[in-house]
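Engineer: Structure supplied as data_5.cif; contents: mmCIF, C-alpha atoms.
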data_data
#
loop_
_atom_site.group_PDB
_atom_site.id
_atom_site.type_symbol
_atom_site.label_atom_id
_atom_site.label_comp_id
_atom_site.auth_asym_id
_atom_site.auth_seq_id
_atom_site.Cartn_x
_atom_site.Cartn_y
_atom_site.Cartn_z
ATOM 1 C CA MET A 25 -49.982 55.797 -33.358
ATOM 2 C CA GLN A 26 -53.743 55.252 -33.746
ATOM 3 C CA ILE A 27 -53.905 53.070 -30.633
ATOM 4 C CA LEU A 28 -52.107 55.737 -28.588
ATOM 5 C CA MET A 29 -54.508 58.407 -29.877
ATOM 6 C CA THR A 30 -57.494 56.192 -28.962
ATOM 7 C CA VAL A 31 -56.123 55.749 -25.436
ATOM 8 C CA LEU A 32 -55.530 59.510 -25.090
ATOM 9 C CA SER A 33 -59.020 60.247 -26.411
ATOM 10 C CA THR A 34 -60.557 57.842 -23.895
ATOM 11 C CA PHE A 35 -58.486 59.305 -21.059
ATOM 12 C CA THR A 36 -59.490 62.901 -21.875
ATOM 13 C CA SER A 37 -63.155 61.849 -22.110
ATOM 14 C CA LEU A 38 -63.006 60.245 -18.670
ATOM 15 C CA TYR A 39 -61.111 63.225 -17.224
ATOM 16 C CA MET A 40 -63.745 65.618 -18.620
ATOM 17 C CA LEU A 41 -66.446 63.504 -16.969
ATOM 18 C CA ALA A 42 -64.558 63.607 -13.648
ATOM 19 C CA ILE A 43 -64.249 67.401 -13.886
ATOM 20 C CA PHE A 44 -67.934 67.758 -14.711
ATOM 21 C CA ILE A 45 -68.908 65.627 -11.694
ATOM 22 C CA ARG A 46 -66.508 67.644 -9.531
ATOM 23 C CA ILE A 47 -68.165 70.867 -10.668
ATOM 24 C CA LEU A 48 -71.628 69.495 -9.909
ATOM 25 C CA LEU A 49 -70.519 68.374 -6.445
ATOM 26 C CA THR A 50 -69.367 71.919 -5.622
ATOM 27 C CA TRP A 51 -72.939 73.112 -6.192
ATOM 28 C CA PHE A 52 -74.194 70.914 -3.375
ATOM 29 C CA SER A 53 -73.055 70.640 0.190
ATOM 30 C CA GLY A 54 -73.421 67.971 2.793
ATOM 31 C CA PRO A 55 -71.423 65.354 4.650
ATOM 32 C CA ASN A 56 -72.231 62.613 2.129
ATOM 33 C CA LEU A 57 -70.782 64.649 -0.754
ATOM 34 C CA ASN A 58 -67.509 65.709 0.907
ATOM 35 C CA ALA A 59 -65.669 62.394 0.439
ATOM 36 C CA PRO A 60 -66.356 62.022 -3.313
ATOM 37 C CA GLY A 61 -65.638 65.714 -3.802
ATOM 38 C CA GLU A 62 -62.285 65.464 -2.039
ATOM 39 C CA PHE A 63 -61.378 62.316 -3.958
ATOM 40 C CA LEU A 64 -62.163 63.908 -7.339
ATOM 41 C CA GLY A 65 -60.542 67.148 -6.213
ATOM 42 C CA ARG A 66 -57.161 65.469 -5.826
ATOM 43 C CA PHE A 67 -57.198 64.590 -9.527
ATOM 44 C CA THR A 68 -59.061 67.497 -11.059
ATOM 45 C CA ASP A 69 -58.173 70.559 -8.974
ATOM 46 C CA PRO A 70 -54.547 70.890 -10.164
ATOM 47 C CA TYR A 71 -55.816 71.242 -13.742
ATOM 48 C CA LEU A 72 -58.756 73.475 -12.782
ATOM 49 C CA ASN A 73 -56.560 75.703 -10.574
ATOM 50 C CA TRP A 74 -54.399 76.540 -13.569
ATOM 51 C CA PHE A 75 -57.469 78.160 -15.190
ATOM 52 C CA ARG A 76 -58.778 79.785 -11.995
ATOM 53 C CA ARG A 77 -55.854 82.186 -11.972
ATOM 54 C CA PHE A 78 -57.386 83.935 -15.013
ATOM 55 C CA ARG A 79 -60.364 84.986 -12.825
ATOM 56 C CA LEU A 80 -63.065 84.437 -15.419
ATOM 57 C CA ARG A 81 -66.293 85.329 -13.638
ATOM 58 C CA ALA A 82 -69.864 86.231 -14.527
ATOM 59 C CA GLY A 83 -71.314 87.633 -11.329
ATOM 60 C CA MET A 84 -70.832 85.003 -8.650
ATOM 61 C CA LEU A 85 -70.273 82.249 -11.222
ATOM 62 C CA ASP A 86 -66.726 81.055 -11.930
ATOM 63 C CA LEU A 87 -66.364 80.413 -15.678
ATOM 64 C CA SER A 88 -62.821 79.033 -15.533
ATOM 65 C CA PRO A 89 -64.037 75.388 -15.444
ATOM 66 C CA LEU A 90 -65.839 76.029 -18.749
ATOM 67 C CA LEU A 91 -62.574 77.124 -20.330
ATOM 68 C CA ALA A 92 -60.785 74.124 -18.809
ATOM 69 C CA LEU A 93 -63.421 71.757 -20.192
ATOM 70 C CA ALA A 94 -63.404 73.470 -23.579
ATOM 71 C CA LEU A 95 -59.636 72.958 -23.919
ATOM 72 C CA LEU A 96 -59.928 69.336 -22.835
ATOM 73 C CA SER A 97 -62.693 68.894 -25.370
ATOM 74 C CA LEU A 98 -60.416 70.372 -28.035
ATOM 75 C CA ALA A 99 -57.626 67.947 -27.113
ATOM 76 C CA ASN A 100 -60.128 65.085 -27.081
ATOM 77 C CA GLN A 101 -61.308 66.003 -30.559
ATOM 78 C CA ILE A 102 -57.706 66.116 -31.821
ATOM 79 C CA PHE A 103 -56.945 62.684 -30.350
ATOM 80 C CA ALA A 104 -60.188 61.161 -31.655
ATOM 81 C CA THR A 105 -59.629 62.523 -35.156
ATOM 82 C CA LEU A 106 -56.023 61.301 -35.255
ATOM 83 C CA ALA A 107 -57.188 57.889 -34.005
ATOM 84 C CA ARG A 108 -59.838 57.736 -36.712
ATOM 85 C CA TYR A 109 -57.830 58.890 -39.745
ATOM 86 C CA GLY A 110 -54.192 58.408 -38.738
ATOM 87 C CA VAL A 111 -52.819 60.859 -41.311
ATOM 88 C CA ILE A 112 -52.429 64.590 -41.400
ATOM 89 C CA THR A 113 -53.344 66.609 -44.496
ATOM 90 C CA VAL A 114 -54.362 70.230 -45.040
ATOM 91 C CA GLY A 115 -57.981 69.076 -45.173
ATOM 92 C CA PHE A 116 -57.444 67.158 -41.941
ATOM 93 C CA ILE A 117 -56.040 70.256 -40.218
ATOM 94 C CA LEU A 118 -58.947 72.399 -41.447
ATOM 95 C CA ALA A 119 -61.465 69.759 -40.352
ATOM 96 C CA LEU A 120 -59.709 69.481 -36.995
ATOM 97 C CA LEU A 121 -59.884 73.233 -36.464
ATOM 98 C CA LEU A 122 -63.561 73.223 -37.420
ATOM 99 C CA ARG A 123 -64.368 70.295 -35.127
ATOM 100 C CA SER A 124 -62.359 71.863 -32.314
ATOM 101 C CA PHE A 125 -64.299 75.083 -32.649
ATOM 102 C CA TRP A 126 -67.545 73.107 -32.664
ATOM 103 C CA SER A 127 -66.438 71.085 -29.667
ATOM 104 C CA ALA A 128 -66.047 74.206 -27.545
ATOM 105 C CA LEU A 129 -69.206 75.812 -28.932
ATOM 106 C CA SER A 130 -71.300 72.660 -28.496
ATOM 107 C CA PHE A 131 -70.220 72.365 -24.885
ATOM 108 C CA ILE A 132 -71.298 75.934 -24.193
ATOM 109 C CA LEU A 133 -74.609 75.477 -26.054
ATOM 110 C CA GLY A 134 -75.271 72.183 -24.260
ATOM 111 C CA PHE A 135 -74.494 73.774 -20.900
ATOM 112 C CA CYS A 136 -76.907 76.644 -21.645
ATOM 113 C CA ILE A 137 -79.650 74.221 -22.688
ATOM 114 C CA ILE A 138 -79.213 72.157 -19.507
ATOM 115 C CA ILE A 139 -79.311 75.278 -17.311
ATOM 116 C CA LEU A 140 -82.508 76.516 -18.973
ATOM 117 C CA ILE A 141 -84.136 73.075 -18.690
ATOM 118 C CA LEU A 142 -83.234 72.950 -14.987
ATOM 119 C CA ARG A 143 -84.743 76.418 -14.521
ATOM 120 C CA LEU A 144 -87.902 75.320 -16.334
ATOM 121 C CA ILE A 145 -88.158 72.272 -14.065
ATOM 122 C CA ALA A 146 -87.735 74.534 -11.027
ATOM 123 C CA PHE A 147 -90.457 76.821 -12.390
ATOM 124 C CA PHE A 148 -92.974 74.012 -12.831
ATOM 125 C CA ALA A 149 -92.015 72.282 -9.580
ATOM 126 C CA GLN A 150 -92.107 75.621 -7.743
ATOM 127 C CA ALA A 151 -88.745 74.732 -6.245
ATOM 128 C CA ASP A 152 -87.136 76.798 -3.528
ATOM 129 C CA ILE A 153 -84.933 78.967 -5.737
ATOM 130 C CA TYR A 154 -83.212 80.413 -2.674
ATOM 131 C CA SER A 155 -81.172 77.283 -2.046
ATOM 132 C CA PRO A 156 -77.542 77.630 -3.237
ATOM 133 C CA PHE A 157 -78.015 75.261 -6.180
ATOM 134 C CA TRP A 158 -81.115 76.998 -7.535
ATOM 135 C CA ARG A 159 -79.570 80.430 -6.926
ATOM 136 C CA ILE A 160 -76.696 79.488 -9.234
ATOM 137 C CA ILE A 161 -79.093 78.082 -11.833
ATOM 138 C CA ASP A 162 -81.261 81.209 -11.558
ATOM 139 C CA THR A 163 -78.272 83.556 -11.922
ATOM 140 C CA ILE A 164 -77.043 81.823 -15.064
ATOM 141 C CA SER A 165 -80.491 81.366 -16.604
ATOM 142 C CA THR A 166 -81.507 84.983 -16.013
ATOM 143 C CA SER A 167 -78.450 86.217 -17.865
ATOM 144 C CA LEU A 168 -79.046 83.765 -20.720
ATOM 145 C CA LEU A 169 -82.729 84.601 -21.000
ATOM 146 C CA PHE A 170 -82.026 88.323 -21.069
ATOM 147 C CA ARG A 171 -79.676 87.957 -24.038
ATOM 148 C CA ILE A 172 -81.838 85.464 -25.931
ATOM 149 C CA ASN A 173 -85.026 87.467 -25.348
ATOM 150 C CA ARG A 174 -83.414 90.631 -26.673
ATOM 151 C CA ILE A 175 -82.597 88.796 -29.898
ATOM 152 C CA LEU A 176 -85.912 86.947 -30.267
ATOM 153 C CA PHE A 177 -88.460 89.369 -28.870
ATOM 154 C CA GLY A 178 -86.771 92.775 -28.893
ATOM 155 C CA ALA A 179 -88.558 95.115 -26.484
ATOM 156 C CA ARG A 180 -91.695 92.965 -26.135
ATOM 157 C CA ILE A 181 -92.510 91.659 -22.682
ATOM 158 C CA VAL A 182 -92.851 87.876 -22.635
ATOM 159 C CA HIS A 183 -94.064 85.630 -19.804
ATOM 160 C CA PHE A 184 -91.177 83.936 -18.000
ATOM 161 C CA ARG A 185 -92.430 80.398 -18.742
ATOM 162 C CA ASN A 186 -92.867 81.164 -22.459
ATOM 163 C CA SER A 187 -89.469 82.793 -22.570
ATOM 164 C CA LEU A 188 -87.863 79.678 -21.076
ATOM 165 C CA ILE A 189 -89.635 77.286 -23.440
ATOM 166 C CA VAL A 190 -88.926 79.328 -26.580
ATOM 167 C CA SER A 191 -85.287 79.835 -25.572
ATOM 168 C CA ILE A 192 -84.775 76.098 -25.018
ATOM 169 C CA ILE A 193 -86.376 75.256 -28.368
ATOM 170 C CA VAL A 194 -84.293 77.853 -30.218
ATOM 171 C CA LEU A 195 -81.034 76.694 -28.592
ATOM 172 C CA VAL A 196 -81.806 73.031 -29.364
ATOM 173 C CA LEU A 197 -82.590 73.894 -33.007
ATOM 174 C CA VAL A 198 -79.391 75.949 -33.303
ATOM 175 C CA PHE A 199 -77.438 73.067 -31.755
ATOM 176 C CA ILE A 200 -78.878 70.498 -34.182
ATOM 177 C CA ALA A 201 -78.455 72.708 -37.264
ATOM 178 C CA ALA A 202 -74.876 73.596 -36.355
ATOM 179 C CA LEU A 203 -74.049 69.945 -35.616
ATOM 180 C CA VAL A 204 -75.287 68.822 -39.026
ATOM 181 C CA LEU A 205 -73.546 71.636 -40.921
ATOM 182 C CA ILE A 206 -70.237 71.276 -39.072
ATOM 183 C CA ASN A 207 -70.180 67.504 -39.544
ATOM 184 C CA LEU A 208 -70.905 67.821 -43.276
ATOM 185 C CA ALA A 209 -68.201 70.464 -43.663
ATOM 186 C CA ALA A 210 -65.653 68.471 -41.625
ATOM 187 C CA VAL A 211 -66.245 65.277 -43.619
ATOM 188 C CA SER A 212 -65.823 67.232 -46.850
ATOM 189 C CA LEU A 213 -62.595 68.818 -45.610
ATOM 190 C CA VAL A 214 -61.088 65.487 -44.524
ATOM 191 C CA ARG A 215 -61.721 64.066 -47.988
ATOM 192 C CA LEU A 216 -59.630 66.764 -49.642
ATOM 193 C CA PRO A 217 -56.737 65.033 -51.435
ATOM 194 C CA PHE A 218 -54.061 67.421 -50.136
#
Output the file's structure in the form of structure tokens.

Structural biologist:
Amino acid sequence: MQILMTVLSTFTSLYMLAIFIRILLTWFSGPNLNAPGEFLGRFTDPYLNWFRRFRLRAGMLDLSPLLALALLSLANQIFATLARYGVITVGFILALLLRSFWSALSFILGFCIIILILRLIAFFAQADIYSPFWRIIDTISTSLLFRINRILFGARIVHFRNSLIVSIIVLVLVFIAALVLINLAAVSLVRLPF
């Protein structure tokens, strides 16, 4: 049973990586990227299309791949935990639910951090933000910054660069704190005798 769960965990990890690469390839265009995109599309699009029918959008951004990756991450966490412990107890189920929640949340937090870092790089490099890739990054980062700035700064006006840097630092600190707390709680739950 544990070997099967390890194999399934490895497979879902590799499939998540393939989906992530497929998503990145859709942000770029060009003749050199069409062949890898088509190849990955044959394996990943049937799964992604199942989620696209829910029409989860934020402006021009399709959020259905995030949901697809979050569910794969949940399955991966279940397989990895079963491979590690091999038994199911109430504590195991509670820890699994907690880790599954964290898996989805950590993916979203990590995605937000990466987007803001990319936007900061574009700011310092004075990149052409009118290209399709940077337009997508700018659309997502603007929405994120608006929400984070409302929480951190209220009605105060903050320079764009400072807003980006502070937002990245806050998200990284939240990520690290949540990771530590969730891991401590999950380990404690798994050790419950029932």

Engineer: Which residues match the PyMOL selection byres ((chain A and resi 172-179) around 12) in the file above, as a list in words?

Structural biologist: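 Those residues are Cys136, Ile137, Leu140, Ser165, Thr166, Ser167, Leu168, Leu169, Phe170, Arg171, Arg180, Ile181, Val182, His183, Phe184, Asn186, Ser187, Leu188, Ile189, Val190, Ser191, Ile192, Ile193, Val194 and Leu195 of chain A.
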
Engineer: For the contact check between segment 112-146 of chain A and segment 92-102 of chain A, emit one row per residue of segment 112-146 of chain A within 12 Å, containing the shortest atom pair and the distance in Å rounded to one decimal, counting only C-alpha atoms, chain then rising number order, as JSON lines.

Structural biologist:
{"residue": "A:Ile112", "atom": "CA", "partner": "A:Ile102", "partner_atom": "CA", "distance": 11.0}
{"residue": "A:Phe116", "atom": "CA", "partner": "A:Ile102", "partner_atom": "CA", "distance": 10.2}
{"residue": "A:Ile117", "atom": "CA", "partner": "A:Ile102", "partner_atom": "CA", "distance": 9.5}
{"residue": "A:Leu118", "atom": "CA", "partner": "A:Ile102", "partner_atom": "CA", "distance": 11.6}
{"residue": "A:Ala119", "atom": "CA", "partner": "A:Ile102", "partner_atom": "CA", "distance": 10.0}
{"residue": "A:Leu120", "atom": "CA", "partner": "A:Ile102", "partner_atom": "CA", "distance": 6.5}
{"residue": "A:Leu121", "atom": "CA", "partner": "A:Ile102", "partner_atom": "CA", "distance": 8.8}
{"residue": "A:Leu122", "atom": "CA", "partner": "A:Gln101", "partner_atom": "CA", "distance": 10.2}
{"residue": "A:Arg123", "atom": "CA", "partner": "A:Gln101", "partner_atom": "CA", "distance": 7.0}
{"residue": "A:Ser124", "atom": "CA", "partner": "A:Leu98", "partner_atom": "CA", "distance": 4.9}
{"residue": "A:Phe125", "atom": "CA", "partner": "A:Leu98", "partner_atom": "CA", "distance": 7.7}
{"residue": "A:Trp126", "atom": "CA", "partner": "A:Leu98", "partner_atom": "CA", "distance": 8.9}
{"residue": "A:Ser127", "atom": "CA", "partner": "A:Ser97", "partner_atom": "CA", "distance": 6.1}
{"residue": "A:Ala128", "atom": "CA", "partner": "A:Ala94", "partner_atom": "CA", "distance": 4.8}
{"residue": "A:Leu129", "atom": "CA", "partner": "A:Ala94", "partner_atom": "CA", "distance": 8.2}
{"residue": "A:Ser130", "atom": "CA", "partner": "A:Ala94", "partner_atom": "CA", "distance": 9.3}
{"residue": "A:Phe131", "atom": "CA", "partner": "A:Ala94", "partner_atom": "CA", "distance": 7.0}
{"residue": "A:Ile132", "atom": "CA", "partner": "A:Ala94", "partner_atom": "CA", "distance": 8.3}
{"residue": "A:Leu133", "atom": "CA", "partner": "A:Ala94", "partner_atom": "CA", "distance": 11.6}
{"residue": "A:Gly134", "atom": "CA", "partner": "A:Ala94", "partner_atom": "CA", "distance": 12.0}
{"residue": "A:Phe135", "atom": "CA", "partner": "A:Leu93", "partner_atom": "CA", "distance": 11.3}

Engineer: Which value, in Å to one decimal, gives the distance between atom CA of Ser37 of chain A and atom CA of Pro70 of chain A?

Structural biologist: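 Calculated distance between atom CA of Ser37 of chain A and atom CA of Pro70 of chain A is 17.3 Å.
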
Engineer: Would you work out the distance separating atom CA of Phe103 of chain A from atom CA of Leu72 of chain A, expressed in Å to one decimal?

Structural biologist: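 It comes out at 20.7 Å.
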
Engineer: Got a sec to check which residues sit within 7 Å of (-72.8, 77.0, -3.5), counting only C-alpha atoms, and write them as number ranges by chain?

Structural biologist: A: 50-52, 156-157

Engineer: Got a sec to resolve the PyMOL selection byres ((chain A and resi 146) around 12) on this structure and send the residues as a PDB file with C-alpha atoms, in the frame of the given file?

Structural biologist:
ATOM      1  CA  ILE A 139     -79.311  75.278 -17.311  1.00  0.00           C
ATOM      2  CA  LEU A 140     -82.508  76.516 -18.973  1.00  0.00           C
ATOM      3  CA  ILE A 141     -84.136  73.075 -18.690  1.00  0.00           C
ATOM      4  CA  LEU A 142     -83.234  72.950 -14.987  1.00  0.00           C
ATOM      5  CA  ARG A 143     -84.743  76.418 -14.521  1.00  0.00           C
ATOM      6  CA  LEU A 144     -87.902  75.320 -16.334  1.00  0.00           C
ATOM      7  CA  ILE A 145     -88.158  72.272 -14.065  1.00  0.00           C
ATOM      8  CA  PHE A 147     -90.457  76.821 -12.390  1.00  0.00           C
ATOM      9  CA  PHE A 148     -92.974  74.012 -12.831  1.00  0.00           C
ATOM     10  CA  ALA A 149     -92.015  72.282  -9.580  1.00  0.00           C
ATOM     11  CA  GLN A 150     -92.107  75.621  -7.743  1.00  0.00           C
ATOM     12  CA  ALA A 151     -88.745  74.732  -6.245  1.00  0.00           C
ATOM     13  CA  ASP A 152     -87.136  76.798  -3.528  1.00  0.00           C
ATOM     14  CA  ILE A 153     -84.933  78.967  -5.737  1.00  0.00           C
ATOM     15  CA  TYR A 154     -83.212  80.413  -2.674  1.00  0.00           C
ATOM     16  CA  SER A 155     -81.172  77.283  -2.046  1.00  0.00           C
ATOM     17  CA  PHE A 157     -78.015  75.261  -6.180  1.00  0.00           C
ATOM     18  CA  TRP A 158     -81.115  76.998  -7.535  1.00  0.00           C
ATOM     19  CA  ARG A 159     -79.570  80.430  -6.926  1.00  0.00           C
ATOM     20  CA  ILE A 161     -79.093  78.082 -11.833  1.00  0.00           C
ATOM     21  CA  ASP A 162     -81.261  81.209 -11.558  1.00  0.00           C
ATOM     22  CA  SER A 165     -80.491  81.366 -16.604  1.00  0.00           C
ATOM     23  CA  ARG A 185     -92.430  80.398 -18.742  1.00  0.00           C
ATOM     24  CA  LEU A 188     -87.863  79.678 -21.076  1.00  0.00           C
TER      25      LEU A 188
END

Engineer: So what do you get for atom CA of Tyr71 of chain A versus atom CA of Met29 of chain A, distance-wise?

Structural biologist: 20.7 Å

Engineer: Near Phe44 of chain A, counting only C-alpha atoms, which residues have an atom at most 10 Å away, once you skip same-chain residues fewer than 4 positions from it, shown as a list in words?

Structural biologist: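 Everything that qualifies: Leu38, Tyr39, Met40, Leu48, Leu49, Thr68, Pro89, Leu90 and Leu93 of chain A.
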
Engineer: Select, from A:Thr30, A:Leu64, A:Arg77, A:Asp86, the residue with the minimum atom-to-atom distance to Thr163 of chain A, counting all atoms listed in the file.

Structural biologist: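 Residue with the minimum atom-to-atom distance to Thr163 of chain A: A:Asp86.
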